[in-house]
$ cat entry.cif   # mmCIF, N, CA and C atoms
data_upload
#
loop_
_atom_site.group_PDB
_atom_site.id
_atom_site.type_symbol
_atom_site.label_atom_id
_atom_site.label_comp_id
_atom_site.auth_asym_id
_atom_site.auth_seq_id
_atom_site.Cartn_x
_atom_site.Cartn_y
_atom_site.Cartn_z
ATOM 1 N N MET Q 1 0.246 -1.820 -4.896
ATOM 2 C CA MET Q 1 -0.787 -2.814 -5.056
ATOM 3 C C MET Q 1 -1.905 -2.493 -4.073
ATOM 4 N N PRO Q 2 -3.089 -2.268 -4.521
ATOM 5 C CA PRO Q 2 -4.201 -1.958 -3.614
ATOM 6 C C PRO Q 2 -4.464 -3.111 -2.646
ATOM 7 N N GLY Q 3 -4.652 -2.760 -1.384
ATOM 8 C CA GLY Q 3 -4.963 -3.758 -0.381
ATOM 9 C C GLY Q 3 -3.761 -4.366 0.301
ATOM 10 N N LEU Q 4 -2.546 -4.083 -0.182
ATOM 11 C CA LEU Q 4 -1.340 -4.630 0.429
ATOM 12 C C LEU Q 4 -0.939 -3.770 1.612
ATOM 13 N N VAL Q 5 -0.693 -4.393 2.757
ATOM 14 C CA VAL Q 5 -0.280 -3.692 3.966
ATOM 15 C C VAL Q 5 1.165 -4.075 4.255
ATOM 16 N N VAL Q 6 2.023 -3.071 4.491
ATOM 17 C CA VAL Q 6 3.431 -3.312 4.813
ATOM 18 C C VAL Q 6 3.692 -2.790 6.216
ATOM 19 N N LEU Q 7 4.216 -3.650 7.096
ATOM 20 C CA LEU Q 7 4.511 -3.291 8.477
ATOM 21 C C LEU Q 7 5.983 -3.519 8.755
ATOM 22 N N ALA Q 8 6.629 -2.552 9.446
ATOM 23 C CA ALA Q 8 8.043 -2.661 9.791
ATOM 24 C C ALA Q 8 8.215 -2.207 11.238
ATOM 25 N N PRO Q 9 8.179 -3.128 12.201
ATOM 26 C CA PRO Q 9 8.261 -2.747 13.607
ATOM 27 C C PRO Q 9 9.659 -2.303 14.012
ATOM 28 N N TYR Q 10 9.713 -1.486 15.079
ATOM 29 C CA TYR Q 10 11.002 -1.047 15.624
ATOM 30 C C TYR Q 10 11.334 -1.796 16.914
ATOM 31 N N ASP Q 11 10.443 -1.759 17.886
ATOM 32 C CA ASP Q 11 10.733 -2.375 19.173
ATOM 33 C C ASP Q 11 9.770 -3.531 19.452
ATOM 34 N N CYS Q 12 9.896 -4.123 20.627
ATOM 35 C CA CYS Q 12 9.060 -5.288 20.937
ATOM 36 C C CYS Q 12 7.587 -4.916 21.061
ATOM 37 N N ASP Q 13 7.301 -3.682 21.478
ATOM 38 C CA ASP Q 13 5.900 -3.242 21.520
ATOM 39 C C ASP Q 13 5.292 -3.284 20.129
ATOM 40 N N ASP Q 14 6.023 -2.730 19.165
ATOM 41 C CA ASP Q 14 5.552 -2.732 17.780
ATOM 42 C C ASP Q 14 5.426 -4.154 17.249
ATOM 43 N N ALA Q 15 6.445 -4.963 17.502
ATOM 44 C CA ALA Q 15 6.462 -6.315 16.949
ATOM 45 C C ALA Q 15 5.262 -7.123 17.431
ATOM 46 N N LYS Q 16 5.001 -7.088 18.729
ATOM 47 C CA LYS Q 16 3.895 -7.891 19.274
ATOM 48 C C LYS Q 16 2.535 -7.375 18.807
ATOM 49 N N SER Q 17 2.322 -6.066 18.950
ATOM 50 C CA SER Q 17 0.996 -5.524 18.648
ATOM 51 C C SER Q 17 0.717 -5.460 17.149
ATOM 52 N N LEU Q 18 1.739 -5.196 16.338
ATOM 53 C CA LEU Q 18 1.528 -5.157 14.889
ATOM 54 C C LEU Q 18 1.384 -6.559 14.300
ATOM 55 N N LEU Q 19 2.069 -7.534 14.881
ATOM 56 C CA LEU Q 19 1.909 -8.908 14.398
ATOM 57 C C LEU Q 19 0.489 -9.404 14.666
ATOM 58 N N LYS Q 20 -0.060 -9.047 15.824
ATOM 59 C CA LYS Q 20 -1.449 -9.405 16.114
ATOM 60 C C LYS Q 20 -2.396 -8.721 15.126
ATOM 61 N N ALA Q 21 -2.106 -7.453 14.816
ATOM 62 C CA ALA Q 21 -2.940 -6.727 13.861
ATOM 63 C C ALA Q 21 -2.819 -7.329 12.466
ATOM 64 N N ALA Q 22 -1.614 -7.782 12.102
ATOM 65 C CA ALA Q 22 -1.388 -8.368 10.777
ATOM 66 C C ALA Q 22 -2.174 -9.664 10.612
ATOM 67 N N VAL Q 23 -2.199 -10.480 11.647
ATOM 68 C CA VAL Q 23 -2.916 -11.747 11.578
ATOM 69 C C VAL Q 23 -4.419 -11.510 11.430
ATOM 70 N N ARG Q 24 -4.915 -10.466 12.060
ATOM 71 C CA ARG Q 24 -6.354 -10.181 12.023
ATOM 72 C C ARG Q 24 -6.787 -9.397 10.785
ATOM 73 N N ASN Q 25 -5.836 -8.867 10.045
ATOM 74 C CA ASN Q 25 -6.163 -8.045 8.883
ATOM 75 C C ASN Q 25 -6.571 -8.937 7.708
ATOM 76 N N PRO Q 26 -7.673 -8.632 7.026
ATOM 77 C CA PRO Q 26 -8.119 -9.471 5.912
ATOM 78 C C PRO Q 26 -7.295 -9.267 4.635
ATOM 79 N N ASN Q 27 -6.527 -8.204 4.556
ATOM 80 C CA ASN Q 27 -5.705 -7.930 3.375
ATOM 81 C C ASN Q 27 -4.365 -8.653 3.469
ATOM 82 N N PRO Q 28 -3.666 -8.810 2.344
ATOM 83 C CA PRO Q 28 -2.324 -9.385 2.411
ATOM 84 C C PRO Q 28 -1.381 -8.445 3.152
ATOM 85 N N VAL Q 29 -0.550 -9.005 4.042
ATOM 86 C CA VAL Q 29 0.341 -8.206 4.875
ATOM 87 C C VAL Q 29 1.777 -8.679 4.691
ATOM 88 N N VAL Q 30 2.686 -7.718 4.501
ATOM 89 C CA VAL Q 30 4.122 -7.992 4.486
ATOM 90 C C VAL Q 30 4.665 -7.472 5.808
ATOM 91 N N PHE Q 31 5.298 -8.335 6.589
ATOM 92 C CA PHE Q 31 5.826 -7.975 7.906
ATOM 93 C C PHE Q 31 7.341 -7.990 7.812
ATOM 94 N N LEU Q 32 7.958 -6.811 7.789
ATOM 95 C CA LEU Q 32 9.409 -6.690 7.623
ATOM 96 C C LEU Q 32 10.088 -6.528 8.977
ATOM 97 N N GLU Q 33 11.028 -7.409 9.266
ATOM 98 C CA GLU Q 33 11.800 -7.302 10.499
ATOM 99 C C GLU Q 33 13.256 -7.085 10.143
ATOM 100 N N ASN Q 34 13.889 -6.131 10.816
ATOM 101 C CA ASN Q 34 15.300 -5.869 10.593
ATOM 102 C C ASN Q 34 16.111 -6.790 11.500
ATOM 103 N N GLU Q 35 16.970 -7.608 10.910
ATOM 104 C CA GLU Q 35 17.740 -8.590 11.682
ATOM 105 C C GLU Q 35 18.672 -7.935 12.692
ATOM 106 N N ILE Q 36 19.106 -6.721 12.426
ATOM 107 C CA ILE Q 36 20.009 -6.028 13.345
ATOM 108 C C ILE Q 36 19.317 -5.755 14.675
ATOM 109 N N LEU Q 37 17.998 -5.587 14.659
ATOM 110 C CA LEU Q 37 17.267 -5.306 15.891
ATOM 111 C C LEU Q 37 17.121 -6.536 16.785
ATOM 112 N N TYR Q 38 17.424 -7.718 16.283
ATOM 113 C CA TYR Q 38 17.333 -8.929 17.105
ATOM 114 C C TYR Q 38 18.291 -8.869 18.292
ATOM 115 N N SER Q 39 19.412 -8.169 18.159
ATOM 116 C CA SER Q 39 20.397 -8.092 19.243
ATOM 117 C C SER Q 39 20.077 -6.972 20.240
ATOM 118 N N GLU Q 40 19.110 -6.125 19.924
ATOM 119 C CA GLU Q 40 18.715 -5.037 20.823
ATOM 120 C C GLU Q 40 17.733 -5.569 21.866
ATOM 121 N N SER Q 41 17.725 -4.938 23.036
ATOM 122 C CA SER Q 41 16.755 -5.325 24.061
ATOM 123 C C SER Q 41 15.850 -4.130 24.367
ATOM 124 N N PHE Q 42 14.568 -4.408 24.488
ATOM 125 C CA PHE Q 42 13.558 -3.406 24.781
ATOM 126 C C PHE Q 42 12.665 -3.935 25.890
ATOM 127 N N GLU Q 43 12.049 -3.019 26.626
ATOM 128 C CA GLU Q 43 11.083 -3.430 27.644
ATOM 129 C C GLU Q 43 9.685 -3.371 27.054
ATOM 130 N N LEU Q 44 8.896 -4.357 27.366
ATOM 131 C CA LEU Q 44 7.512 -4.414 26.903
ATOM 132 C C LEU Q 44 6.664 -3.503 27.790
ATOM 133 N N SER Q 45 5.943 -2.584 27.188
ATOM 134 C CA SER Q 45 5.144 -1.630 27.963
ATOM 135 C C SER Q 45 3.911 -2.313 28.557
ATOM 136 N N ALA Q 46 3.359 -1.671 29.572
ATOM 137 C CA ALA Q 46 2.170 -2.214 30.241
ATOM 138 C C ALA Q 46 0.979 -2.249 29.291
ATOM 139 N N GLU Q 47 0.890 -1.270 28.406
ATOM 140 C CA GLU Q 47 -0.221 -1.229 27.443
ATOM 141 C C GLU Q 47 -0.211 -2.448 26.526
ATOM 142 N N VAL Q 48 0.966 -2.840 26.072
ATOM 143 C CA VAL Q 48 1.080 -3.966 25.145
ATOM 144 C C VAL Q 48 0.959 -5.298 25.877
ATOM 145 N N ARG Q 49 1.234 -5.318 27.163
ATOM 146 C CA ARG Q 49 1.074 -6.560 27.940
ATOM 147 C C ARG Q 49 -0.384 -6.987 28.044
ATOM 148 N N ASP Q 50 -1.295 -6.044 27.854
ATOM 149 C CA ASP Q 50 -2.719 -6.369 27.871
ATOM 150 C C ASP Q 50 -3.016 -7.300 26.695
ATOM 151 N N PRO Q 51 -3.563 -8.489 26.938
ATOM 152 C CA PRO Q 51 -3.777 -9.442 25.844
ATOM 153 C C PRO Q 51 -4.757 -8.960 24.782
ATOM 154 N N ASN Q 52 -5.569 -7.973 25.087
ATOM 155 C CA ASN Q 52 -6.541 -7.470 24.118
ATOM 156 C C ASN Q 52 -6.021 -6.297 23.293
ATOM 157 N N TYR Q 53 -4.811 -5.811 23.588
ATOM 158 C CA TYR Q 53 -4.292 -4.650 22.857
ATOM 159 C C TYR Q 53 -3.787 -5.059 21.475
ATOM 160 N N VAL Q 54 -4.217 -4.320 20.465
ATOM 161 C CA VAL Q 54 -3.750 -4.498 19.089
ATOM 162 C C VAL Q 54 -3.437 -3.113 18.545
ATOM 163 N N ALA Q 55 -2.251 -2.939 17.998
ATOM 164 C CA ALA Q 55 -1.858 -1.636 17.449
ATOM 165 C C ALA Q 55 -2.692 -1.317 16.219
ATOM 166 N N PRO Q 56 -3.082 -0.059 16.076
ATOM 167 C CA PRO Q 56 -3.836 0.322 14.875
ATOM 168 C C PRO Q 56 -2.909 0.410 13.670
ATOM 169 N N ILE Q 57 -3.292 -0.207 12.588
ATOM 170 C CA ILE Q 57 -2.496 -0.128 11.355
ATOM 171 C C ILE Q 57 -2.830 1.186 10.670
ATOM 172 N N GLY Q 58 -1.786 1.901 10.258
ATOM 173 C CA GLY Q 58 -1.987 3.163 9.561
ATOM 174 C C GLY Q 58 -1.876 4.380 10.444
ATOM 175 N N LYS Q 59 -1.617 4.190 11.733
ATOM 176 C CA LYS Q 59 -1.458 5.311 12.647
ATOM 177 C C LYS Q 59 -0.034 5.304 13.183
ATOM 178 N N ALA Q 60 0.644 6.447 13.071
ATOM 179 C CA ALA Q 60 2.038 6.544 13.504
ATOM 180 C C ALA Q 60 2.141 6.544 15.022
ATOM 181 N N LYS Q 61 3.234 5.990 15.512
ATOM 182 C CA LYS Q 61 3.515 5.990 16.942
ATOM 183 C C LYS Q 61 4.503 7.122 17.213
ATOM 184 N N ILE Q 62 4.175 7.994 18.135
ATOM 185 C CA ILE Q 62 5.062 9.112 18.474
ATOM 186 C C ILE Q 62 6.027 8.623 19.550
ATOM 187 N N MET Q 63 7.306 8.564 19.207
ATOM 188 C CA MET Q 63 8.318 8.087 20.132
ATOM 189 C C MET Q 63 8.812 9.198 21.044
ATOM 190 N N ARG Q 64 8.901 10.409 20.495
ATOM 191 C CA ARG Q 64 9.343 11.560 21.272
ATOM 192 C C ARG Q 64 8.695 12.803 20.696
ATOM 193 N N LYS Q 65 8.056 13.567 21.553
ATOM 194 C CA LYS Q 65 7.382 14.782 21.087
ATOM 195 C C LYS Q 65 8.392 15.917 21.027
ATOM 196 N N GLY Q 66 8.378 16.651 19.925
ATOM 197 C CA GLY Q 66 9.252 17.802 19.743
ATOM 198 C C GLY Q 66 8.451 19.044 19.433
ATOM 199 N N GLU Q 67 9.166 20.142 19.225
ATOM 200 C CA GLU Q 67 8.500 21.410 18.967
ATOM 201 C C GLU Q 67 8.837 22.011 17.613
ATOM 202 N N HIS Q 68 10.058 21.791 17.115
ATOM 203 C CA HIS Q 68 10.509 22.517 15.937
ATOM 204 C C HIS Q 68 10.656 21.664 14.676
ATOM 205 N N VAL Q 69 10.954 20.398 14.843
ATOM 206 C CA VAL Q 69 11.242 19.535 13.695
ATOM 207 C C VAL Q 69 10.478 18.230 13.842
ATOM 208 N N THR Q 70 10.017 17.691 12.727
ATOM 209 C CA THR Q 70 9.388 16.377 12.712
ATOM 210 C C THR Q 70 10.281 15.426 11.931
ATOM 211 N N ILE Q 71 10.642 14.329 12.553
ATOM 212 C CA ILE Q 71 11.439 13.290 11.898
ATOM 213 C C ILE Q 71 10.560 12.054 11.796
ATOM 214 N N ILE Q 72 10.425 11.541 10.602
ATOM 215 C CA ILE Q 72 9.626 10.339 10.374
ATOM 216 C C ILE Q 72 10.569 9.214 9.967
ATOM 217 N N ALA Q 73 10.463 8.091 10.665
ATOM 218 C CA ALA Q 73 11.353 6.960 10.377
ATOM 219 C C ALA Q 73 10.630 5.660 10.693
ATOM 220 N N PHE Q 74 11.196 4.554 10.222
ATOM 221 C CA PHE Q 74 10.638 3.244 10.550
ATOM 222 C C PHE Q 74 11.771 2.257 10.742
ATOM 223 N N SER Q 75 11.482 1.179 11.456
ATOM 224 C CA SER Q 75 12.405 0.097 11.727
ATOM 225 C C SER Q 75 13.669 0.617 12.421
ATOM 226 N N LYS Q 76 14.831 0.221 11.997
ATOM 227 C CA LYS Q 76 16.099 0.570 12.645
ATOM 228 C C LYS Q 76 16.358 2.076 12.644
ATOM 229 N N MET Q 77 15.855 2.788 11.668
ATOM 230 C CA MET Q 77 16.104 4.224 11.577
ATOM 231 C C MET Q 77 15.450 5.004 12.721
ATOM 232 N N VAL Q 78 14.499 4.412 13.408
ATOM 233 C CA VAL Q 78 13.889 5.068 14.573
ATOM 234 C C VAL Q 78 14.956 5.294 15.636
ATOM 235 N N ASP Q 79 15.828 4.316 15.839
ATOM 236 C CA ASP Q 79 16.908 4.440 16.813
ATOM 237 C C ASP Q 79 17.814 5.613 16.456
ATOM 238 N N TYR Q 80 18.208 5.720 15.210
ATOM 239 C CA TYR Q 80 19.063 6.819 14.771
ATOM 240 C C TYR Q 80 18.346 8.159 14.883
ATOM 241 N N SER Q 81 17.058 8.188 14.616
ATOM 242 C CA SER Q 81 16.288 9.431 14.729
ATOM 243 C C SER Q 81 16.180 9.892 16.165
ATOM 244 N N LEU Q 82 15.985 8.947 17.089
ATOM 245 C CA LEU Q 82 15.937 9.309 18.506
ATOM 246 C C LEU Q 82 17.276 9.840 18.991
ATOM 247 N N LYS Q 83 18.363 9.250 18.517
ATOM 248 C CA LYS Q 83 19.701 9.741 18.874
ATOM 249 C C LYS Q 83 19.941 11.131 18.272
ATOM 250 N N ALA Q 84 19.475 11.360 17.072
ATOM 251 C CA ALA Q 84 19.634 12.673 16.437
ATOM 252 C C ALA Q 84 18.812 13.723 17.181
ATOM 253 N N ALA Q 85 17.666 13.351 17.710
ATOM 254 C CA ALA Q 85 16.820 14.282 18.427
ATOM 255 C C ALA Q 85 17.443 14.719 19.753
ATOM 256 N N GLU Q 86 18.286 13.851 20.316
ATOM 257 C CA GLU Q 86 18.961 14.218 21.578
ATOM 258 C C GLU Q 86 19.927 15.354 21.323
#

$ encode --input "entry.cif" --output "structure tokens"
Amino acid sequence: MPGLVVLAPYDCDDAKSLLKAAVRNPNPVVFLENEILYSESFELSAEVRDPNYVAPIGKAKIMRKGEHVTIIAFSKMVDYSLKAAE
């Protein structure tokens, strides 16, 4: 559907900054949260603590830089991808 934005955060940084971006976006937004991540704990980064910070929609967040393989994941699968990268 043209104009529909779908967001699926992984950690608290994503959740806070993407939710702010979703509210400000003029298009319809679907915000998907994985219930399994509710039991996980994450630290809020200093960048996201800034009240003016809003994550850009449509730009990927690099969780770990590699050299040989690129793994793309969203939501809970980010955790599994980071473990696989180790």

$ atom_distance --input "entry.cif" --atom1 "CA of Arg24 (chain Q)" --atom2 "CA of Tyr53 (chain Q)"
12.3 Å

$ residues_around --input "entry.cif" --residues "Ser75 (chain Q)" --least-positions-apart "2" --cutoff "9 Å" --atoms "only C-alpha atoms" --output "list of chain:residue names"
Q:Ala8, Q:Pro9, Q:Tyr10, Q:Asp11, Q:Leu32, Q:Glu33, Q:Asn34, Q:Leu37, Q:Ala73, Q:Met77, Q:Val78, Q:Asp79

$ atom_distance --input "entry.cif" --atom1 "CA of Pro28 (chain Q)" --atom2 "CA of Gly3 (chain Q)"
6.8 Å

$ closest_residue --input "entry.cif" --among "Q:Leu18, Q:Met63, Q:Glu47, Q:Val69" --to "Leu82 (chain Q)" --atoms "only N, CA and C atoms"
Q:Met63

$ select_by_dssp --input "entry.cif" --residues "chain Q" --states "helix (DSSP H, G or I)" --output "PyMOL selection string"
chain Q and resi 12-24+35-39+46-49+77-85

$ select_by_dssp --input "entry.cif" --residues "chain Q" --states "strand (DSSP E)" --output "NGL selection string"
:Q and (5-7 or 29-31)

$ closest_residue --input "entry.cif" --among "Q:Arg64, Q:Val48, Q:Lys59, Q:Val5" --to "Asn27 (chain Q)" --atoms "all atoms listed in the file"
Q:Val5

$ closest_residue --input "entry.cif" --among "Q:Lys76, Q:Ile71, Q:Asn52, Q:Gly66" --to "Ile36 (chain Q)" --atoms "only N, CA and C atoms"
Q:Lys76

$ atom_distance --input "entry.cif" --atom1 "CA of Leu44 (chain Q)" --atom2 "CA of Leu4 (chain Q)"
27.9 Å

$ residues_around --input "entry.cif" --residues "Ala55 (chain Q)" --least-positions-apart "5" --cutoff "6.5 Å" --atoms "all atoms listed in the file" --output "VMD selection string"
chain Q and resid 17 to 18 20 to 21

$ axis_aligned_box --input "entry.cif" --around "region 47-62 of chain Q" --padding-each-side "4 Å" --output "AutoDock Vina command-line options"
--center_x -0.3 --center_y -0.2 --center_z 19.0 --size_x 20.6 --size_y 26.6 --size_z 26.8

$ decode --input "entry.cif" --residues "region 55-85 of chain Q" --atoms "N, CA and C atoms" --output "mmCIF file, in the first residue's frame"
data_model
loop_
_atom_site.group_PDB
_atom_site.id
_atom_site.type_symbol
_atom_site.label_atom_id
_atom_site.label_comp_id
_atom_site.auth_asym_id
_atom_site.auth_seq_id
_atom_site.Cartn_x
_atom_site.Cartn_y
_atom_site.Cartn_z
ATOM 1 N N ALA Q 55 14.767 8.967 15.337
ATOM 2 C CA ALA Q 55 15.404 8.048 14.386
ATOM 3 C C ALA Q 55 14.869 8.294 12.985
ATOM 4 N N PRO Q 56 15.745 8.226 11.994
ATOM 5 C CA PRO Q 56 15.275 8.392 10.613
ATOM 6 C C PRO Q 56 14.553 7.137 10.141
ATOM 7 N N ILE Q 57 13.390 7.305 9.578
ATOM 8 C CA ILE Q 57 12.644 6.160 9.034
ATOM 9 C C ILE Q 57 13.215 5.845 7.662
ATOM 10 N N GLY Q 58 13.481 4.562 7.431
ATOM 11 C CA GLY Q 58 14.000 4.138 6.139
ATOM 12 C C GLY Q 58 15.499 3.971 6.101
ATOM 13 N N LYS Q 59 16.179 4.221 7.215
ATOM 14 C CA LYS Q 59 17.623 4.050 7.275
ATOM 15 C C LYS Q 59 17.940 2.952 8.280
ATOM 16 N N ALA Q 60 18.733 1.969 7.850
ATOM 17 C CA ALA Q 60 19.064 0.834 8.710
ATOM 18 C C ALA Q 60 20.041 1.243 9.804
ATOM 19 N N LYS Q 61 19.915 0.589 10.943
ATOM 20 C CA LYS Q 61 20.831 0.810 12.055
ATOM 21 C C LYS Q 61 21.857 -0.320 12.032
ATOM 22 N N ILE Q 62 23.124 0.020 12.025
ATOM 23 C CA ILE Q 62 24.184 -0.993 12.012
ATOM 24 C C ILE Q 62 24.487 -1.358 13.462
ATOM 25 N N MET Q 63 24.202 -2.601 13.826
ATOM 26 C CA MET Q 63 24.417 -3.061 15.185
ATOM 27 C C MET Q 63 25.847 -3.531 15.398
ATOM 28 N N ARG Q 64 26.419 -4.151 14.366
ATOM 29 C CA ARG Q 64 27.793 -4.629 14.440
ATOM 30 C C ARG Q 64 28.383 -4.607 13.044
ATOM 31 N N LYS Q 65 29.529 -3.977 12.916
ATOM 32 C CA LYS Q 65 30.169 -3.886 11.601
ATOM 33 C C LYS Q 65 30.983 -5.146 11.358
ATOM 34 N N GLY Q 66 30.836 -5.715 10.171
ATOM 35 C CA GLY Q 66 31.586 -6.899 9.774
ATOM 36 C C GLY Q 66 32.349 -6.651 8.494
ATOM 37 N N GLU Q 67 33.044 -7.685 8.039
ATOM 38 C CA GLU Q 67 33.858 -7.548 6.842
ATOM 39 C C GLU Q 67 33.441 -8.475 5.712
ATOM 40 N N HIS Q 68 32.934 -9.669 6.035
ATOM 41 C CA HIS Q 68 32.724 -10.677 5.007
ATOM 42 C C HIS Q 68 31.258 -10.973 4.689
ATOM 43 N N VAL Q 69 30.393 -10.811 5.660
ATOM 44 C CA VAL Q 69 28.988 -11.194 5.490
ATOM 45 C C VAL Q 69 28.097 -10.074 5.999
ATOM 46 N N THR Q 70 26.973 -9.870 5.333
ATOM 47 C CA THR Q 70 25.967 -8.923 5.796
ATOM 48 C C THR Q 70 24.723 -9.700 6.197
ATOM 49 N N ILE Q 71 24.280 -9.494 7.414
ATOM 50 C CA ILE Q 71 23.051 -10.118 7.909
ATOM 51 C C ILE Q 71 22.053 -8.998 8.156
ATOM 52 N N ILE Q 72 20.893 -9.120 7.566
ATOM 53 C CA ILE Q 72 19.839 -8.124 7.742
ATOM 54 C C ILE Q 72 18.702 -8.771 8.522
ATOM 55 N N ALA Q 73 18.294 -8.113 9.599
ATOM 56 C CA ALA Q 73 17.230 -8.671 10.442
ATOM 57 C C ALA Q 73 16.449 -7.534 11.083
ATOM 58 N N PHE Q 74 15.291 -7.870 11.641
ATOM 59 C CA PHE Q 74 14.508 -6.875 12.369
ATOM 60 C C PHE Q 74 13.860 -7.535 13.569
ATOM 61 N N SER Q 75 13.500 -6.722 14.551
ATOM 62 C CA SER Q 75 12.832 -7.139 15.765
ATOM 63 C C SER Q 75 13.657 -8.197 16.507
ATOM 64 N N LYS Q 76 13.064 -9.262 16.956
ATOM 65 C CA LYS Q 76 13.729 -10.287 17.765
ATOM 66 C C LYS Q 76 14.877 -10.965 17.018
ATOM 67 N N MET Q 77 14.801 -11.047 15.714
ATOM 68 C CA MET Q 77 15.837 -11.724 14.940
ATOM 69 C C MET Q 77 17.180 -10.991 14.994
ATOM 70 N N VAL Q 78 17.184 -9.736 15.385
ATOM 71 C CA VAL Q 78 18.445 -8.999 15.544
ATOM 72 C C VAL Q 78 19.286 -9.671 16.621
ATOM 73 N N ASP Q 79 18.655 -10.096 17.707
ATOM 74 C CA ASP Q 79 19.361 -10.780 18.787
ATOM 75 C C ASP Q 79 20.015 -12.056 18.271
ATOM 76 N N TYR Q 80 19.288 -12.852 17.524
ATOM 77 C CA TYR Q 80 19.834 -14.089 16.972
ATOM 78 C C TYR Q 80 20.943 -13.805 15.965
ATOM 79 N N SER Q 81 20.813 -12.747 15.193
ATOM 80 C CA SER Q 81 21.848 -12.388 14.219
ATOM 81 C C SER Q 81 23.127 -11.953 14.899
ATOM 82 N N LEU Q 82 23.001 -11.193 15.990
ATOM 83 C CA LEU Q 82 24.190 -10.789 16.740
ATOM 84 C C LEU Q 82 24.889 -11.985 17.365
ATOM 85 N N LYS Q 83 24.116 -12.942 17.857
ATOM 86 C CA LYS Q 83 24.702 -14.169 18.415
ATOM 87 C C LYS Q 83 25.374 -14.994 17.311
ATOM 88 N N ALA Q 84 24.784 -15.041 16.145
ATOM 89 C CA ALA Q 84 25.377 -15.780 15.027
ATOM 90 C C ALA Q 84 26.671 -15.109 14.575
ATOM 91 N N ALA Q 85 26.745 -13.797 14.645
ATOM 92 C CA ALA Q 85 27.931 -13.077 14.232
ATOM 93 C C ALA Q 85 29.110 -13.326 15.174
#
